[in-house]
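> What follows is the file model-v3.tsv, containing TSV, C-alpha atoms:
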```tsv
chain	number	residue	atom	x	y	z
A	17	MET	CA	75.76	-5.91	22.12
A	18	LEU	CA	72.86	-4.08	20.44
A	19	LEU	CA	70.29	-6.33	22.10
A	20	GLU	CA	71.86	-5.78	25.52
A	21	GLU	CA	71.98	-2.03	24.87
A	22	LEU	CA	68.31	-1.80	23.94
A	23	ASN	CA	67.12	-4.13	26.70
A	24	SER	CA	69.01	-1.99	29.19
A	25	TRP	CA	67.54	1.16	27.70
A	26	ILE	CA	63.97	-0.17	27.72
A	27	THR	CA	64.31	-1.36	31.32
A	28	GLY	CA	65.70	1.99	32.37
A	29	PHE	CA	63.03	4.06	30.66
A	30	LYS	CA	59.83	2.17	31.51
A	31	THR	CA	58.52	4.99	33.67
A	32	THR	CA	59.60	7.89	31.49
A	33	ARG	CA	57.77	9.91	28.86
A	34	GLU	CA	60.33	8.75	26.26
A	35	PHE	CA	59.40	5.10	26.82
A	36	ALA	CA	55.72	5.99	26.68
A	37	TYR	CA	56.30	7.50	23.25
A	38	LEU	CA	58.13	4.37	22.11
A	39	GLU	CA	55.39	2.13	23.45
A	40	THR	CA	52.73	4.18	21.67
A	41	LYS	CA	54.60	4.00	18.37
A	42	TYR	CA	55.62	0.37	18.41
A	43	PHE	CA	52.91	-1.27	20.50
A	44	LYS	CA	49.77	0.72	19.66
A	45	GLY	CA	50.54	2.74	16.56
A	46	VAL	CA	49.04	0.77	13.68
A	47	ARG	CA	48.84	3.06	10.69
A	48	PRO	CA	46.47	2.70	7.72
A	49	VAL	CA	47.61	0.40	4.94
A	50	ARG	CA	48.61	2.26	1.80
A	51	VAL	CA	48.10	1.29	-1.83
A	52	ALA	CA	51.10	-0.50	-3.31
A	53	THR	CA	52.19	2.10	-5.83
A	54	SER	CA	54.90	4.71	-6.21
A	55	GLU	CA	55.66	7.41	-8.75
A	56	TYR	CA	59.31	6.33	-8.58
A	57	PHE	CA	58.75	2.64	-9.27
A	58	ALA	CA	59.73	2.13	-12.91
A	59	THR	CA	61.54	-0.85	-14.37
A	60	HIS	CA	63.00	1.24	-17.20
A	61	THR	CA	64.70	3.66	-14.79
A	62	GLY	CA	65.91	1.01	-12.37
A	63	LYS	CA	64.67	3.05	-9.41
A	64	VAL	CA	62.20	2.50	-6.60
A	65	SER	CA	62.74	5.86	-4.90
A	66	PRO	CA	65.11	8.87	-4.82
A	67	TYR	CA	66.78	7.24	-1.80
A	68	ASP	CA	67.74	3.89	-3.30
A	69	ASP	CA	71.48	4.31	-2.69
A	70	ILE	CA	70.99	5.05	1.01
A	71	ILE	CA	68.55	2.16	1.37
A	72	ARG	CA	70.96	-0.21	-0.40
A	73	ASN	CA	73.84	0.82	1.85
A	74	TYR	CA	72.08	0.22	5.15
A	75	SER	CA	70.12	-2.84	4.06
A	76	ASP	CA	73.39	-4.65	3.50
A	77	SER	CA	74.20	-4.28	7.19
A	78	ILE	CA	71.27	-6.54	8.17
A	79	GLY	CA	71.40	-8.87	5.19
A	80	TRP	CA	68.02	-7.76	3.81
A	81	ASP	CA	67.30	-7.19	0.15
A	82	TRP	CA	67.23	-3.40	-0.22
A	83	ARG	CA	63.99	-3.68	-2.19
A	84	LEU	CA	62.29	-5.27	0.82
A	85	VAL	CA	63.40	-2.35	2.99
A	86	ALA	CA	62.18	0.03	0.28
A	87	SER	CA	58.76	-1.65	0.36
A	88	LEU	CA	58.64	-1.23	4.15
A	89	ILE	CA	59.59	2.42	3.78
A	90	TYR	CA	56.88	3.02	1.23
A	91	GLN	CA	54.35	1.43	3.59
A	92	GLU	CA	55.50	3.70	6.39
A	93	SER	CA	55.90	7.03	4.59
A	94	ALA	CA	55.33	6.69	0.83
A	95	PHE	CA	58.95	7.95	0.51
A	96	ASN	CA	58.10	11.29	2.11
A	97	PRO	CA	61.23	12.22	4.12
A	98	SER	CA	59.52	14.86	6.25
A	99	VAL	CA	56.20	13.24	7.16
A	100	THR	CA	55.35	13.17	10.87
A	101	SER	CA	52.70	10.90	12.35
A	102	SER	CA	50.14	12.05	14.91
A	103	ARG	CA	52.26	10.31	17.54
A	104	GLY	CA	55.49	12.01	16.50
A	105	ALA	CA	57.13	9.26	14.43
A	106	TYR	CA	59.22	10.94	11.77
A	107	GLY	CA	60.56	10.50	8.29
A	108	LEU	CA	60.96	7.70	5.79
A	109	MET	CA	60.99	4.92	8.36
A	110	GLN	CA	58.67	6.64	10.83
A	111	VAL	CA	61.08	6.46	13.74
A	112	MET	CA	60.34	8.16	17.04
A	113	PRO	CA	62.94	10.87	17.81
A	114	SER	CA	63.44	9.35	21.26
A	115	THR	CA	64.31	6.01	19.64
A	116	GLY	CA	66.87	7.70	17.43
A	117	GLU	CA	68.40	9.50	20.39
A	118	HIS	CA	69.18	6.20	22.07
A	119	PHE	CA	71.03	5.12	18.96
A	120	GLY	CA	72.90	8.42	19.06
A	121	LEU	CA	70.99	9.67	16.01
A	122	ASP	CA	68.83	12.69	15.31
A	123	VAL	CA	66.23	11.12	13.00
A	124	THR	CA	64.96	14.53	11.91
A	125	ARG	CA	68.36	15.76	10.75
A	126	SER	CA	68.80	13.69	7.59
A	127	VAL	CA	67.31	10.88	5.56
A	128	GLU	CA	70.45	8.86	6.22
A	129	ASN	CA	70.05	9.14	10.01
A	130	ASN	CA	66.39	8.18	9.74
A	131	VAL	CA	67.07	5.10	7.63
A	132	TYR	CA	69.98	4.05	9.82
A	133	ALA	CA	67.85	4.27	12.97
A	134	GLY	CA	65.09	2.21	11.34
A	135	ILE	CA	67.60	-0.40	10.22
A	136	ARG	CA	69.06	-0.63	13.71
A	137	PHE	CA	65.58	-1.24	15.08
A	138	ILE	CA	65.07	-4.01	12.52
A	139	ARG	CA	68.35	-5.55	13.66
A	140	TYR	CA	67.11	-5.44	17.24
A	141	LEU	CA	63.89	-7.19	16.23
A	142	ASN	CA	65.87	-9.81	14.34
A	143	ASP	CA	67.83	-10.54	17.51
A	144	ILE	CA	64.56	-11.14	19.35
A	145	PHE	CA	63.19	-13.59	16.79
A	146	ASP	CA	66.42	-15.19	15.58
A	147	GLU	CA	66.17	-18.33	17.72
A	148	ARG	CA	62.39	-18.33	18.00
A	149	VAL	CA	61.87	-18.35	14.21
A	150	PRO	CA	64.78	-20.22	12.60
A	151	ASP	CA	63.55	-19.85	9.00
A	152	PRO	CA	64.84	-16.45	7.81
A	153	GLU	CA	62.00	-16.00	5.31
A	154	GLU	CA	59.40	-16.63	8.01
A	155	ARG	CA	61.27	-14.39	10.43
A	156	ILE	CA	60.83	-11.43	8.08
A	157	LYS	CA	57.05	-11.59	8.61
A	158	PHE	CA	57.43	-11.56	12.39
A	159	ILE	CA	59.81	-8.59	12.16
A	160	LEU	CA	57.50	-6.63	9.87
A	161	ALA	CA	54.53	-7.20	12.15
A	162	SER	CA	56.60	-6.14	15.14
A	163	TYR	CA	57.82	-3.00	13.37
A	164	ASN	CA	54.19	-1.98	13.03
A	165	ALA	CA	52.52	-3.23	16.22
A	166	GLY	CA	55.36	-4.00	18.62
A	167	GLN	CA	57.21	-7.18	19.35
A	168	GLY	CA	55.24	-7.73	22.57
A	169	HIS	CA	52.00	-8.37	20.73
A	170	VAL	CA	53.73	-10.69	18.27
A	171	LEU	CA	55.34	-12.66	21.10
A	172	ASP	CA	51.91	-12.95	22.74
A	173	ALA	CA	50.46	-14.31	19.49
A	174	MET	CA	53.26	-16.87	19.31
A	175	LYS	CA	52.43	-18.09	22.81
A	176	LEU	CA	48.74	-18.31	21.96
A	177	ALA	CA	49.49	-20.25	18.78
A	178	GLU	CA	51.62	-22.76	20.67
A	179	LYS	CA	49.04	-23.13	23.44
A	180	ASN	CA	46.33	-23.84	20.86
A	181	GLY	CA	48.30	-26.48	18.98
A	182	LEU	CA	49.64	-24.39	16.10
A	183	ASN	CA	53.19	-23.59	15.07
A	184	PRO	CA	54.64	-20.56	16.91
A	185	ALA	CA	57.38	-20.25	14.28
A	186	ARG	CA	55.01	-20.00	11.29
A	187	TRP	CA	53.20	-16.82	10.38
A	188	ASP	CA	50.39	-17.50	7.89
A	189	ASN	CA	47.47	-19.46	9.35
A	190	ASN	CA	49.34	-19.81	12.63
A	191	VAL	CA	50.68	-16.81	14.56
A	192	ALA	CA	48.88	-14.34	12.29
A	193	LEU	CA	45.55	-15.87	13.33
A	194	PHE	CA	46.20	-15.20	16.98
A	195	LEU	CA	47.44	-11.68	16.37
A	196	GLU	CA	43.97	-10.98	15.00
A	197	ARG	CA	42.36	-12.74	17.96
A	198	LYS	CA	44.08	-10.39	20.41
A	199	SER	CA	41.01	-8.16	20.07
A	200	ASP	CA	38.95	-10.92	21.74
A	201	PRO	CA	38.92	-10.87	25.57
A	202	SER	CA	39.04	-14.66	25.69
A	203	TYR	CA	42.47	-14.44	24.07
A	204	TYR	CA	44.02	-11.17	25.27
A	205	ARG	CA	43.11	-12.07	28.85
A	206	ASP	CA	44.71	-15.49	28.55
A	207	PRO	CA	47.40	-16.03	31.22
A	208	VAL	CA	50.12	-16.45	28.57
A	209	VAL	CA	49.48	-12.94	27.23
A	210	SER	CA	51.64	-10.13	28.59
A	211	HIS	CA	50.69	-7.13	26.43
A	212	GLY	CA	46.91	-7.17	26.50
A	213	LEU	CA	44.50	-5.96	23.87
A	214	LEU	CA	45.41	-5.35	20.25
A	215	ARG	CA	42.46	-4.02	18.28
A	216	GLN	CA	44.21	-3.76	14.93
A	217	GLY	CA	45.48	-7.29	14.37
A	218	VAL	CA	43.75	-7.55	11.00
A	219	ALA	CA	45.37	-4.28	9.89
A	220	VAL	CA	48.79	-5.50	11.03
A	221	ASN	CA	48.43	-8.68	8.99
A	222	ARG	CA	47.41	-6.60	5.98
A	223	TYR	CA	50.45	-4.39	6.57
A	224	VAL	CA	52.74	-7.44	6.37
A	225	ASP	CA	50.97	-8.79	3.28
A	226	ASP	CA	51.11	-5.44	1.49
A	227	ILE	CA	54.83	-5.01	2.09
A	228	LEU	CA	55.61	-8.49	0.81
A	229	ARG	CA	53.31	-8.12	-2.19
A	230	ARG	CA	54.93	-4.80	-3.12
A	231	TYR	CA	58.35	-6.37	-2.64
A	232	GLU	CA	57.52	-8.93	-5.31
A	233	HIS	CA	56.91	-6.04	-7.72
A	234	TYR	CA	60.05	-4.23	-6.61
A	235	LYS	CA	62.12	-7.32	-7.43
A	236	ASN	CA	61.76	-6.29	-11.07
A	237	ILE	CA	64.17	-3.45	-10.27
A	238	LYS	CA	67.74	-4.72	-10.45
```
Rewrite the structure of this file - the entire thing - as structure tokens.


Amino acid sequence: MLLEELNSWITGFKTTREFAYLETKYFKGVRPVRVATSEYFATHTGKVSPYDDIIRNYSDSIGWDWRLVASLIYQESAFNPSVTSSRGAYGLMQVMPSTGEHFGLDVTRSVENNVYAGIRFIRYLNDIFDERVPDPEERIKFILASYNAGQGHVLDAMKLAEKNGLNPARWDNNVALFLERKSDPSYYRDPVVSHGLLRQGVAVNRYVDDILRRYEHYKNIK
């Protein structure tokens, strides 16, 4: 139902300013990679952030380890609940207000709304890659990359990987390679590509790596 809802929404808003904002955030908005550290991360306190309970609650709804979601949130906002990007993405999970509205949520109103909207977007991305990437551990990498750069670019990289004899359902040394190559005209102009140039493929891959590396540290929090 969620996938149908979002597909309908995206189709209906392709010519509107709201969709342009979404496209800028999720297809072009690659933010700088942050250092994997947090003042709240302490094994003796058992906390990653002040928002652990909220993150735990909503992570359960998508079957993700809450500490993985916490690592994503740190990458997006460093646990700053009021940060706004230059493109208007807001809060812990850097969700566009227009995205939240279509989930019936004001992402600027509360941390809980912001996290819930981000989680619902992750669920939507999971629906996209569920059959394409059967291994759930691999699928996480595709979802993280899509959260940062947009699922369209990741789907393009999958097609390029398959066309060039690599595994479209494996991230490292397969799809990740072609995400980086989407800055090369010989690849982003390939007929299988639908979403064109991506200049920041290297940064997106670093984004994924940093989240997963931080997650390994966060696993020390029980």

> Of the residues A:Phe194, A:Trp80, A:Trp187, A:Tyr231, which is the one nearest to A:Arg155, using all atoms listed in the file?

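Among the listed residues, A:Trp187 lies closest to A:Arg155.
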
> For A:Ser87, please output as a PDB file with C-alpha atoms, keeping the file's coordinate frame all residues within 7 Å (counting only C-alpha atoms; exclusion window: fewer than 3 positions along the same chain).


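This is the output file part34.pdb:
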```pdb
ATOM      1  CA  ARG A  83      63.990  -3.680  -2.190  1.00  0.00           C
ATOM      2  CA  LEU A  84      62.290  -5.270   0.820  1.00  0.00           C
ATOM      3  CA  TYR A  90      56.880   3.020   1.230  1.00  0.00           C
ATOM      4  CA  GLN A  91      54.350   1.430   3.590  1.00  0.00           C
ATOM      5  CA  ILE A 227      54.830  -5.010   2.090  1.00  0.00           C
ATOM      6  CA  ARG A 230      54.930  -4.800  -3.120  1.00  0.00           C
ATOM      7  CA  TYR A 231      58.350  -6.370  -2.640  1.00  0.00           C
TER       8      TYR A 231
END
```

> What is the distance, in Å and to one decimal place, between atom CA of A:Ser162 and atom CA of A:Tyr106?

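Interatomic distance here is 17.6 Å.
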
> Name the residues, using the chain letters and numbers of the file, that sit within 9 Å of (65.0, 10.3, 1.9) when counting only C-alpha atoms, and give them as a count of residues only.

17

> Residues within 9 Å of stretch 173-176 of chain A, please, as a VMD selection string. Count all atoms listed in the file; anything in the same chain fewer than 5 positions from it doesn't count.

chain A and resid 168 181 to 187 190 to 198 203 206 208 to 209

> List as a PyMOL selection string the protein and nucleic acid residues near A:Thr100, meaning an atom at most 12 Å away when all atoms listed in the file are counted, but skip any in the same chain fewer than 4 places from it.

chain A and resi 41+92-94+96+104-113+123-124

> With all atoms of stretch 66-81 of chain A from the file as input, state the centre and edge lengths in Å to one decimal of the axis-aligned box that has 4 Å extra on each side, as lines of an AutoDock Vina configuration file.


```
center_x = 69.7
center_y = 0.0
center_z = 1.7
size_x = 17.1
size_y = 25.7
size_z = 21.0
```

> Name the closest residue to A:Arg136 among the candidates A:Asp172, A:Asp76, A:Asp225, A:Glu153; distances are taken between atoms, counting all atoms listed in the file.

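Smallest distance to A:Arg136 is found for A:Asp76.
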
> So how far away is atom CA of A:Ala133 from atom CA of A:Phe119, in Å?

6.8 Å

> Tell me, in Å to one decimal, how far atom CA of A:His211 is from atom CA of A:His169.

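Between atom CA of A:His211 and atom CA of A:His169 the gap is 6.0 Å.
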
> Using all atoms listed in the file for the distances, tell me which of A:Thr61, A:Ala219, A:Tyr234, A:Lys179 is nearest to A:Pro207.

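For A:Pro207, the nearest of the candidates is A:Lys179.
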
> Nearest to A:Tyr223: which of A:Arg148, A:Lys157, A:Arg103, A:His118 is it, counting only C-alpha atoms?

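Using only C-alpha atoms, A:Tyr223 sits closest to A:Lys157.
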
> Identify the residues within 12 Å of coordinate (64.3, -15.1, 16.0) (same frame as the file), considering all atoms listed in the file, and give the answer as an MDAnalysis selection string.

chainID A and resid 138:159 162 167 170:171 174 184:186

> For the residues in the current selection, export C-alpha atoms as a PDB file, in the frame of the given file.


```
ATOM      1  CA  ILE A 138      65.070  -4.010  12.520  1.00  0.00           C
ATOM      2  CA  ARG A 139      68.350  -5.550  13.660  1.00  0.00           C
ATOM      3  CA  TYR A 140      67.110  -5.440  17.240  1.00  0.00           C
ATOM      4  CA  LEU A 141      63.890  -7.190  16.230  1.00  0.00           C
ATOM      5  CA  ASN A 142      65.870  -9.810  14.340  1.00  0.00           C
ATOM      6  CA  ASP A 143      67.830 -10.540  17.510  1.00  0.00           C
ATOM      7  CA  ILE A 144      64.560 -11.140  19.350  1.00  0.00           C
ATOM      8  CA  PHE A 145      63.190 -13.590  16.790  1.00  0.00           C
ATOM      9  CA  ASP A 146      66.420 -15.190  15.580  1.00  0.00           C
ATOM     10  CA  GLU A 147      66.170 -18.330  17.720  1.00  0.00           C
ATOM     11  CA  ARG A 148      62.390 -18.330  18.000  1.00  0.00           C
ATOM     12  CA  VAL A 149      61.870 -18.350  14.210  1.00  0.00           C
ATOM     13  CA  PRO A 150      64.780 -20.220  12.600  1.00  0.00           C
ATOM     14  CA  ASP A 151      63.550 -19.850   9.000  1.00  0.00           C
ATOM     15  CA  PRO A 152      64.840 -16.450   7.810  1.00  0.00           C
ATOM     16  CA  GLU A 153      62.000 -16.000   5.310  1.00  0.00           C
ATOM     17  CA  GLU A 154      59.400 -16.630   8.010  1.00  0.00           C
ATOM     18  CA  ARG A 155      61.270 -14.390  10.430  1.00  0.00           C
ATOM     19  CA  ILE A 156      60.830 -11.430   8.080  1.00  0.00           C
ATOM     20  CA  LYS A 157      57.050 -11.590   8.610  1.00  0.00           C
ATOM     21  CA  PHE A 158      57.430 -11.560  12.390  1.00  0.00           C
ATOM     22  CA  ILE A 159      59.810  -8.590  12.160  1.00  0.00           C
ATOM     23  CA  SER A 162      56.600  -6.140  15.140  1.00  0.00           C
ATOM     24  CA  GLN A 167      57.210  -7.180  19.350  1.00  0.00           C
ATOM     25  CA  VAL A 170      53.730 -10.690  18.270  1.00  0.00           C
ATOM     26  CA  LEU A 171      55.340 -12.660  21.100  1.00  0.00           C
ATOM     27  CA  MET A 174      53.260 -16.870  19.310  1.00  0.00           C
ATOM     28  CA  PRO A 184      54.640 -20.560  16.910  1.00  0.00           C
ATOM     29  CA  ALA A 185      57.380 -20.250  14.280  1.00  0.00           C
ATOM     30  CA  ARG A 186      55.010 -20.000  11.290  1.00  0.00           C
TER      31      ARG A 186
END
```

> Pick the closest to A:Val218 from A:Ile135, A:Ala161, A:Ile237, A:Ala177: which is it, counting all atoms listed in the file?

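Counting all atoms listed in the file, the residue closest to A:Val218 is A:Ala161.
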
> Looking at A:Asn164, A:Asn236, A:Ser199, A:Thr115, which one is nearest to A:Val224, with distances taken over all atoms listed in the file?

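Of A:Asn164, A:Asn236, A:Ser199, A:Thr115, the one nearest A:Val224 is A:Asn164, counting all atoms listed in the file.
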